[in-house]
$ cat my_file_5.cif   # mmCIF, C-alpha atoms
data_entry
#
loop_
_atom_site.label_atom_id
_atom_site.label_comp_id
_atom_site.auth_asym_id
_atom_site.auth_seq_id
_atom_site.Cartn_x
_atom_site.Cartn_y
_atom_site.Cartn_z
CA MET A 172 -10.43 -2.24 13.71
CA ARG A 173 -13.42 -0.59 12.11
CA ARG A 174 -14.97 -2.63 9.36
CA ASN A 175 -18.32 -0.86 8.94
CA LYS A 176 -17.08 2.20 7.01
CA LYS A 177 -16.30 0.52 3.69
CA ARG A 178 -13.28 -1.25 5.28
CA GLU A 179 -11.07 1.53 3.92
CA GLU A 180 -10.07 3.36 7.07
CA LEU A 181 -7.58 2.21 9.66
CA GLY A 182 -7.23 3.53 13.16
CA GLY A 183 -5.70 2.20 16.31
CA PRO A 184 -2.77 2.59 18.65
CA LEU A 185 0.24 4.68 17.78
CA GLU A 186 2.37 2.94 15.20
CA ALA A 187 5.42 4.59 13.75
CA ARG A 188 5.23 2.02 10.98
CA ARG A 189 2.27 0.31 9.37
CA GLN A 190 3.15 -2.67 7.20
CA THR A 191 1.08 -5.18 5.29
CA THR A 192 1.87 -8.54 3.79
CA GLY A 193 -0.32 -10.88 1.82
CA LYS A 194 -2.22 -12.38 4.74
CA ASP A 195 -5.79 -11.20 4.15
CA PHE A 196 -7.86 -8.38 2.69
CA SER A 197 -9.44 -7.26 5.97
CA ASN A 198 -7.83 -3.81 5.97
CA TRP A 199 -8.13 -3.17 2.24
CA GLU A 200 -10.80 -1.65 0.05
CA LEU A 201 -10.72 -3.48 -3.28
CA THR A 202 -11.10 -0.47 -5.60
CA LYS A 203 -10.69 -2.57 -8.78
CA ASN A 204 -11.21 -6.30 -8.63
CA ASP A 205 -11.52 -7.32 -12.26
CA GLY A 206 -10.61 -10.46 -14.19
CA ASP A 207 -10.33 -13.39 -11.80
CA LYS A 208 -9.99 -10.89 -8.94
CA TRP A 209 -7.30 -10.55 -6.29
CA GLN A 210 -5.94 -13.67 -4.63
CA ILE A 211 -3.43 -14.44 -1.89
CA HIS A 212 -0.58 -16.82 -2.71
CA THR A 213 2.28 -18.30 -0.70
CA MET A 214 5.83 -18.77 -1.93
CA PRO A 215 7.36 -22.23 -2.25
CA ASP A 216 10.64 -20.83 -0.87
CA ASP A 217 11.56 -18.53 2.01
CA SER A 218 11.88 -15.31 -0.03
CA VAL A 219 8.37 -14.04 0.84
CA ALA A 220 5.86 -15.81 3.07
CA SER A 221 2.80 -14.64 1.16
CA TYR A 222 1.72 -11.95 -1.27
CA PHE A 223 -1.28 -10.47 -3.03
CA CYS A 224 -1.61 -11.52 -6.68
CA THR A 225 -3.44 -9.70 -9.48
CA SER A 226 -5.28 -11.17 -12.44
CA HIS A 227 -5.56 -10.61 -16.21
CA GLU A 228 -7.55 -7.40 -15.73
CA LEU A 229 -6.77 -4.47 -13.46
CA CYS A 230 -6.78 -5.15 -9.71
CA LEU A 231 -6.24 -2.26 -7.27
CA LYS A 232 -6.60 -2.13 -3.49
CA LYS A 233 -6.42 0.81 -1.11
CA GLN A 234 -6.01 1.67 2.55
CA VAL A 235 -6.65 5.07 4.09
CA ILE A 236 -4.74 5.56 7.34
CA ILE A 237 -6.38 7.91 9.86
CA LEU A 238 -3.37 9.50 11.52
CA LEU A 239 -5.20 11.14 14.45
CA LYS A 240 -6.68 7.75 15.41
CA SER A 241 -3.23 6.20 15.05
CA GLY A 242 -1.88 8.30 17.90
CA TYR A 243 -0.45 11.32 16.09
CA ASP A 244 -1.61 14.78 17.19
CA ALA A 245 -2.49 17.65 14.87
CA ALA A 246 0.39 19.88 16.00
CA TYR A 247 2.95 17.19 15.20
CA LEU A 248 1.36 16.42 11.83
CA ASP A 249 1.32 20.16 11.02
CA SER A 250 5.11 20.15 11.45
CA ALA A 251 5.20 18.05 8.24
CA PRO A 252 7.19 15.05 9.51
CA GLU A 253 8.80 12.89 6.86
CA VAL A 254 6.50 10.17 5.53
CA THR A 255 8.23 7.20 3.89
CA VAL A 256 6.32 4.70 1.81
CA LYS A 257 7.68 1.39 0.53
CA ASP A 258 6.22 -1.37 -1.56
CA TRP A 259 7.54 -4.60 -3.07
CA TYR A 260 6.42 -6.00 -6.42
CA SER A 261 7.28 -8.90 -8.72
CA THR A 262 5.87 -11.08 -11.48
CA ARG A 263 5.93 -14.74 -12.43
CA HIS A 264 8.69 -16.44 -14.42
CA ASP A 265 6.31 -17.03 -17.34
CA CYS A 266 4.23 -13.83 -17.52
CA GLY A 267 5.01 -10.14 -17.12
CA GLY A 268 2.84 -7.62 -15.37
CA ILE A 269 1.98 -3.98 -14.94
CA TYR A 270 2.55 -2.44 -11.50
CA ARG A 271 0.79 0.72 -10.29
CA LEU A 272 1.21 2.74 -7.07
CA THR A 273 -0.47 5.94 -5.86
CA VAL A 274 0.14 7.39 -2.39
CA SER A 275 -1.51 10.65 -1.35
CA LEU A 276 -1.17 12.78 1.76
CA LEU A 277 -4.62 14.18 2.60
CA ASN A 278 -5.91 17.02 4.76
CA GLU A 279 -8.88 16.87 7.15
CA ASN A 280 -11.34 17.22 4.23
CA ARG A 281 -9.47 14.51 2.30
CA GLY A 282 -8.12 17.10 -0.08
CA VAL A 283 -4.76 16.19 -1.61
CA ILE A 284 -1.67 17.86 -0.10
CA ALA A 285 0.91 15.82 -2.00
CA THR A 286 0.91 12.73 -4.21
CA PHE A 287 3.49 10.18 -5.27
CA LYS A 288 2.35 8.43 -8.44
CA PRO A 289 5.18 7.06 -10.55
CA ALA A 290 4.45 5.94 -14.08
CA ASP A 291 3.03 2.44 -14.35
CA VAL A 292 5.87 -0.08 -14.50
CA THR A 293 5.79 -2.84 -17.10
CA VAL A 294 7.63 -5.69 -15.40
CA PRO A 295 9.12 -8.48 -17.53
CA ALA A 296 8.49 -12.15 -16.75
CA GLU A 297 10.90 -12.78 -13.86
CA THR A 298 10.66 -13.61 -10.21
CA THR A 299 12.97 -10.95 -8.75
CA TRP A 300 11.28 -8.75 -6.15
CA LYS A 301 11.78 -5.00 -6.60
CA GLN A 302 11.17 -2.27 -4.04
CA VAL A 303 9.83 1.21 -4.66
CA THR A 304 10.47 3.82 -1.97
CA HIS A 305 9.47 7.45 -1.65
CA THR A 306 9.82 9.98 1.18
CA PHE A 307 7.50 12.98 1.37
CA LYS A 308 9.29 16.07 2.75
CA GLY A 309 8.39 19.74 3.09
CA TYR A 310 4.75 19.29 2.11
CA GLY A 311 3.42 21.83 4.64
CA PRO A 312 0.77 21.66 7.38
CA GLY A 313 -2.57 19.87 7.39
CA LEU A 314 -1.72 16.16 7.06
CA ARG A 315 -4.47 13.99 8.61
CA PHE A 316 -4.83 10.92 6.34
CA ILE A 317 -2.65 8.84 4.03
CA SER A 318 -4.16 7.02 1.07
CA PHE A 319 -2.10 4.06 -0.22
CA GLU A 320 -3.31 2.30 -3.38
CA HIS A 321 -1.47 -0.30 -5.46
CA GLY A 322 -1.98 -3.20 -7.81
CA GLY A 323 -1.70 -4.15 -11.44
CA GLN A 324 -2.44 -6.92 -13.90
CA ASP A 325 -0.65 -9.39 -16.16
CA THR A 326 0.51 -8.47 -19.67
CA LYS A 327 -0.66 -11.62 -21.50
CA TYR A 328 -4.30 -11.54 -20.33
CA TRP A 329 -4.11 -15.14 -19.15
CA LYS A 330 -7.06 -16.36 -17.12
CA GLY A 331 -6.02 -16.93 -13.53
CA TRP A 332 -3.51 -15.16 -11.31
CA TYR A 333 -0.52 -14.48 -13.52
CA GLY A 334 -0.39 -10.75 -12.79
CA THR A 335 1.75 -8.51 -10.66
CA ARG A 336 2.47 -9.63 -7.10
CA VAL A 337 2.67 -7.13 -4.22
CA THR A 338 3.69 -7.45 -0.58
CA GLY A 339 5.56 -5.74 2.25
CA SER A 340 3.82 -2.40 1.81
CA SER A 341 4.65 0.11 4.53
CA VAL A 342 4.07 3.70 5.59
CA THR A 343 6.52 5.07 8.14
CA ILE A 344 6.24 8.30 10.11
CA PRO A 345 8.77 9.00 12.86
CA PRO A 346 7.20 9.07 16.31
CA LYS A 347 6.76 12.46 17.92
CA PRO A 348 9.86 13.27 19.98
CA GLN A 349 9.24 13.06 23.69
CA TYR A 350 11.19 15.19 26.14
CA ILE A 351 11.84 14.06 29.68
CA ILE A 352 12.31 16.87 32.18
CA GLN A 353 14.31 15.90 35.24
#

$ encode --input "my_file_5.cif" --output "structure tokens"
Amino acid sequence: MRRNKKREELGGPLEARRQTTGKDFSNWELTKNDGDKWQIHTMPDDSVASYFCTSHELCLKKQVIILLKSGYDAAYLDSAPEVTVKDWYSTRHDCGGIYRLTVSLLNENRGVIATFKPADVTVPAETTWKQVTHTFKGYGPGLRFISFEHGGQDTKYWKGWYGTRVTGSSVTIPPKPQYIIQ
């Protein structure tokens, strides 16, 4: 993995699905790291192994996926394959949070082709994990990069890591069909 270009860009072998859990920040650019900053926590039960936790001020992190370096070719990307994004978020039992997600499909100049940016979600104090899912369809040719940014903060401004929790983020693009001629 490349780490010298601001740690924001991913490339590598073909993956029809790219998923992250709260293991480390090595593939993330911390675009906002305020308050007591991002931290990684583990769950005391088996519901989620680990997750990223926000603080009392806004914390956002981003990955930009380079699709050509991930094994997709330009002709296939120009056919506008479906792109499905998923993310899981939660809060603590004693403090609510604000959850934010922005996913953009970008062209070769990093111009925006399409964006999914739901309104910020104010999450009450509870420990139930919720999933947000969106599928981009019919967005036209030119897709070369995907920018995925998420995060949040707590609603009580408590010092520490009482903010929104995120994990299980994924971007899925179907693999290019392969035809076998016999």

$ resolve_selection --input "my_file_5.cif" --expression "the PyMOL selection byres ((chain A and resi 208) around 7)" --output "PyMOL selection string"
chain A and resi 204-207+209-210+225-226+230

$ write_last_selection --input "my_file_5.cif" --atoms "C-alpha atoms" --output "PDB file, in the coordinates of the input"
ATOM      1  CA  ASN A 204     -11.210  -6.300  -8.630  1.00  0.00           C
ATOM      2  CA  ASP A 205     -11.520  -7.320 -12.260  1.00  0.00           C
ATOM      3  CA  GLY A 206     -10.610 -10.460 -14.190  1.00  0.00           C
ATOM      4  CA  ASP A 207     -10.330 -13.390 -11.800  1.00  0.00           C
ATOM      5  CA  TRP A 209      -7.300 -10.550  -6.290  1.00  0.00           C
ATOM      6  CA  GLN A 210      -5.940 -13.670  -4.630  1.00  0.00           C
ATOM      7  CA  THR A 225      -3.440  -9.700  -9.480  1.00  0.00           C
ATOM      8  CA  SER A 226      -5.280 -11.170 -12.440  1.00  0.00           C
ATOM      9  CA  CYS A 230      -6.780  -5.150  -9.710  1.00  0.00           C
TER      10      CYS A 230
END

$ resolve_selection --input "my_file_5.cif" --expression "the PyMOL selection byres ((chain A and resi 283) around 12)" --output "compact mmCIF listing (two decimals) with C-alpha atoms, in the frame of the given file"
# COMPACT_ATOMS: atom_id res chain seq x y z
CA THR A 273 -0.47 5.94 -5.86
CA VAL A 274 0.14 7.39 -2.39
CA SER A 275 -1.51 10.65 -1.35
CA LEU A 276 -1.17 12.78 1.76
CA LEU A 277 -4.62 14.18 2.60
CA ASN A 278 -5.91 17.02 4.76
CA GLU A 279 -8.88 16.87 7.15
CA ASN A 280 -11.34 17.22 4.23
CA ARG A 281 -9.47 14.51 2.30
CA GLY A 282 -8.12 17.10 -0.08
CA ILE A 284 -1.67 17.86 -0.10
CA ALA A 285 0.91 15.82 -2.00
CA THR A 286 0.91 12.73 -4.21
CA PHE A 287 3.49 10.18 -5.27
CA TYR A 310 4.75 19.29 2.11
CA GLY A 311 3.42 21.83 4.64
CA PRO A 312 0.77 21.66 7.38
CA GLY A 313 -2.57 19.87 7.39
CA LEU A 314 -1.72 16.16 7.06
CA ARG A 315 -4.47 13.99 8.61
CA PHE A 316 -4.83 10.92 6.34
CA ILE A 317 -2.65 8.84 4.03
CA SER A 318 -4.16 7.02 1.07

$ residues_around --input "my_file_5.cif" --residues "region 328-334 of chain A" --least-positions-apart "3" --cutoff "12 Å" --atoms "only C-alpha atoms" --output "number ranges by chain"
A: 205-212, 222-231, 260-271, 293-298, 322-325, 337

$ closest_residue --input "my_file_5.cif" --among "A:Leu272, A:Thr213, A:Lys232, A:Gln302" --to "Ala290 (chain A)" --atoms "all atoms listed in the file"
A:Leu272

$ resolve_selection --input "my_file_5.cif" --expression "the PyMOL selection byres ((chain A and resi 246) around 10)" --output "PyMOL selection string"
chain A and resi 243-245+247-251+312-314+347

$ atom_distance --input "my_file_5.cif" --atom1 "CA of Thr202 (chain A)" --atom2 "CA of Pro345 (chain A)"
28.7 Å

$ atom_distance --input "my_file_5.cif" --atom1 "CA of Ser341 (chain A)" --atom2 "CA of Lys233 (chain A)"
12.4 Å

$ atom_distance --input "my_file_5.cif" --atom1 "CA of Thr338 (chain A)" --atom2 "CA of Asp258 (chain A)"
6.7 Å

$ axis_aligned_box --input "my_file_5.cif" --around "region 315-327 of chain A" --padding-each-side "6 Å" --output "JSON"
{"center_x": -2.2, "center_y": 1.2, "center_z": -6.4, "size_x": 17.3, "size_y": 37.6, "size_z": 42.1}

$ decode --input "my_file_5.cif" --residues "region 332-345 of chain A" --atoms "all heavy atoms" --output "PDB file, in the first residue's frame"
ATOM      1  N   TRP A 332     -14.028   9.796  24.615  1.00  0.00           N
ATOM      2  CA  TRP A 332     -14.492   9.166  23.390  1.00  0.00           C
ATOM      3  C   TRP A 332     -15.917   8.665  23.571  1.00  0.00           C
ATOM      4  O   TRP A 332     -16.191   7.478  23.570  1.00  0.00           O
ATOM      5  CB  TRP A 332     -13.534   8.041  22.982  1.00  0.00           C
ATOM      6  CG  TRP A 332     -12.186   8.611  22.717  1.00  0.00           C
ATOM      7  CD1 TRP A 332     -11.753   9.155  21.547  1.00  0.00           C
ATOM      8  CD2 TRP A 332     -11.117   8.749  23.639  1.00  0.00           C
ATOM      9  NE1 TRP A 332     -10.477   9.624  21.694  1.00  0.00           N
ATOM     10  CE2 TRP A 332     -10.060   9.394  22.979  1.00  0.00           C
ATOM     11  CE3 TRP A 332     -10.947   8.414  24.985  1.00  0.00           C
ATOM     12  CZ2 TRP A 332      -8.850   9.689  23.597  1.00  0.00           C
ATOM     13  CZ3 TRP A 332      -9.746   8.706  25.599  1.00  0.00           C
ATOM     14  CH2 TRP A 332      -8.713   9.333  24.904  1.00  0.00           C
ATOM     15  N   TYR A 333     -16.828   9.605  23.692  1.00  0.00           N
ATOM     16  CA  TYR A 333     -18.237   9.302  23.891  1.00  0.00           C
ATOM     17  C   TYR A 333     -19.038   9.503  22.613  1.00  0.00           C
ATOM     18  O   TYR A 333     -20.251   9.410  22.611  1.00  0.00           O
ATOM     19  CB  TYR A 333     -18.811  10.192  25.009  1.00  0.00           C
ATOM     20  CG  TYR A 333     -18.176   9.913  26.342  1.00  0.00           C
ATOM     21  CD1 TYR A 333     -17.067  10.626  26.777  1.00  0.00           C
ATOM     22  CD2 TYR A 333     -18.674   8.904  27.165  1.00  0.00           C
ATOM     23  CE1 TYR A 333     -16.473  10.354  28.000  1.00  0.00           C
ATOM     24  CE2 TYR A 333     -18.082   8.629  28.388  1.00  0.00           C
ATOM     25  CZ  TYR A 333     -16.986   9.361  28.793  1.00  0.00           C
ATOM     26  OH  TYR A 333     -16.402   9.089  30.006  1.00  0.00           O
ATOM     27  N   GLY A 334     -18.364   9.795  21.509  1.00  0.00           N
ATOM     28  CA  GLY A 334     -19.037  10.125  20.257  1.00  0.00           C
ATOM     29  C   GLY A 334     -19.469   8.918  19.450  1.00  0.00           C
ATOM     30  O   GLY A 334     -19.405   7.768  19.889  1.00  0.00           O
ATOM     31  N   THR A 335     -19.887   9.211  18.250  1.00  0.00           N
ATOM     32  CA  THR A 335     -20.365   8.205  17.311  1.00  0.00           C
ATOM     33  C   THR A 335     -19.291   7.157  17.058  1.00  0.00           C
ATOM     34  O   THR A 335     -18.108   7.467  16.968  1.00  0.00           O
ATOM     35  CB  THR A 335     -20.758   8.881  15.988  1.00  0.00           C
ATOM     36  OG1 THR A 335     -21.725   9.898  16.270  1.00  0.00           O
ATOM     37  CG2 THR A 335     -21.335   7.889  15.005  1.00  0.00           C
ATOM     38  N   ARG A 336     -19.728   5.920  16.924  1.00  0.00           N
ATOM     39  CA  ARG A 336     -18.851   4.786  16.611  1.00  0.00           C
ATOM     40  C   ARG A 336     -19.131   4.381  15.166  1.00  0.00           C
ATOM     41  O   ARG A 336     -20.284   4.384  14.737  1.00  0.00           O
ATOM     42  CB  ARG A 336     -19.178   3.602  17.501  1.00  0.00           C
ATOM     43  CG  ARG A 336     -19.148   3.902  18.975  1.00  0.00           C
ATOM     44  CD  ARG A 336     -19.841   2.809  19.741  1.00  0.00           C
ATOM     45  NE  ARG A 336     -19.672   2.980  21.173  1.00  0.00           N
ATOM     46  CZ  ARG A 336     -20.037   2.075  22.059  1.00  0.00           C
ATOM     47  NH1 ARG A 336     -20.615   0.955  21.681  1.00  0.00           N
ATOM     48  NH2 ARG A 336     -19.836   2.297  23.335  1.00  0.00           N
ATOM     49  N   VAL A 337     -18.104   4.023  14.416  1.00  0.00           N
ATOM     50  CA  VAL A 337     -18.287   3.548  13.040  1.00  0.00           C
ATOM     51  C   VAL A 337     -17.429   2.314  12.806  1.00  0.00           C
ATOM     52  O   VAL A 337     -16.344   2.179  13.365  1.00  0.00           O
ATOM     53  CB  VAL A 337     -17.957   4.650  11.995  1.00  0.00           C
ATOM     54  CG1 VAL A 337     -18.964   5.780  12.057  1.00  0.00           C
ATOM     55  CG2 VAL A 337     -16.552   5.183  12.162  1.00  0.00           C
ATOM     56  N   THR A 338     -17.945   1.419  11.957  1.00  0.00           N
ATOM     57  CA  THR A 338     -17.200   0.207  11.605  1.00  0.00           C
ATOM     58  C   THR A 338     -17.856  -0.447  10.391  1.00  0.00           C
ATOM     59  O   THR A 338     -18.934  -0.054   9.961  1.00  0.00           O
ATOM     60  CB  THR A 338     -17.143  -0.793  12.783  1.00  0.00           C
ATOM     61  OG1 THR A 338     -16.145  -1.783  12.510  1.00  0.00           O
ATOM     62  CG2 THR A 338     -18.469  -1.470  13.032  1.00  0.00           C
ATOM     63  N   GLY A 339     -17.208  -1.464   9.849  1.00  0.00           N
ATOM     64  CA  GLY A 339     -17.800  -2.265   8.782  1.00  0.00           C
ATOM     65  C   GLY A 339     -18.098  -1.493   7.519  1.00  0.00           C
ATOM     66  O   GLY A 339     -18.995  -1.856   6.761  1.00  0.00           O
ATOM     67  N   SER A 340     -17.343  -0.458   7.238  1.00  0.00           N
ATOM     68  CA  SER A 340     -17.551   0.334   6.027  1.00  0.00           C
ATOM     69  C   SER A 340     -17.156  -0.504   4.814  1.00  0.00           C
ATOM     70  O   SER A 340     -16.146  -1.200   4.835  1.00  0.00           O
ATOM     71  CB  SER A 340     -16.685   1.590   6.060  1.00  0.00           C
ATOM     72  OG  SER A 340     -16.829   2.263   7.286  1.00  0.00           O
ATOM     73  N   SER A 341     -17.947  -0.404   3.739  1.00  0.00           N
ATOM     74  CA  SER A 341     -17.589  -1.148   2.537  1.00  0.00           C
ATOM     75  C   SER A 341     -18.034  -0.425   1.281  1.00  0.00           C
ATOM     76  O   SER A 341     -19.003   0.327   1.291  1.00  0.00           O
ATOM     77  CB  SER A 341     -18.184  -2.562   2.562  1.00  0.00           C
ATOM     78  OG  SER A 341     -19.591  -2.518   2.462  1.00  0.00           O
ATOM     79  N   VAL A 342     -17.275  -0.662   0.212  1.00  0.00           N
ATOM     80  CA  VAL A 342     -17.608  -0.210  -1.136  1.00  0.00           C
ATOM     81  C   VAL A 342     -17.556  -1.455  -1.999  1.00  0.00           C
ATOM     82  O   VAL A 342     -16.544  -2.161  -2.021  1.00  0.00           O
ATOM     83  CB  VAL A 342     -16.600   0.842  -1.643  1.00  0.00           C
ATOM     84  CG1 VAL A 342     -16.876   1.185  -3.101  1.00  0.00           C
ATOM     85  CG2 VAL A 342     -16.634   2.090  -0.768  1.00  0.00           C
ATOM     86  N   THR A 343     -18.642  -1.733  -2.703  1.00  0.00           N
ATOM     87  CA  THR A 343     -18.728  -2.944  -3.516  1.00  0.00           C
ATOM     88  C   THR A 343     -19.027  -2.589  -4.963  1.00  0.00           C
ATOM     89  O   THR A 343     -19.977  -1.844  -5.231  1.00  0.00           O
ATOM     90  CB  THR A 343     -19.843  -3.876  -2.994  1.00  0.00           C
ATOM     91  OG1 THR A 343     -19.612  -4.142  -1.602  1.00  0.00           O
ATOM     92  CG2 THR A 343     -19.873  -5.192  -3.754  1.00  0.00           C
ATOM     93  N   ILE A 344     -18.212  -3.099  -5.862  1.00  0.00           N
ATOM     94  CA  ILE A 344     -18.433  -2.974  -7.298  1.00  0.00           C
ATOM     95  C   ILE A 344     -18.382  -4.390  -7.850  1.00  0.00           C
ATOM     96  O   ILE A 344     -17.431  -5.123  -7.580  1.00  0.00           O
ATOM     97  CB  ILE A 344     -17.341  -2.122  -7.979  1.00  0.00           C
ATOM     98  CG1 ILE A 344     -17.280  -0.732  -7.352  1.00  0.00           C
ATOM     99  CG2 ILE A 344     -17.593  -2.036  -9.482  1.00  0.00           C
ATOM    100  CD1 ILE A 344     -16.124   0.101  -7.852  1.00  0.00           C
ATOM    101  N   PRO A 345     -19.390  -4.788  -8.632  1.00  0.00           N
ATOM    102  CA  PRO A 345     -19.330  -6.148  -9.181  1.00  0.00           C
ATOM    103  C   PRO A 345     -18.086  -6.314 -10.053  1.00  0.00           C
ATOM    104  O   PRO A 345     -17.681  -5.364 -10.734  1.00  0.00           O
ATOM    105  CB  PRO A 345     -20.589  -6.271 -10.025  1.00  0.00           C
ATOM    106  CG  PRO A 345     -21.383  -5.046  -9.802  1.00  0.00           C
ATOM    107  CD  PRO A 345     -20.540  -4.049  -9.088  1.00  0.00           C
TER     108      PRO A 345
END
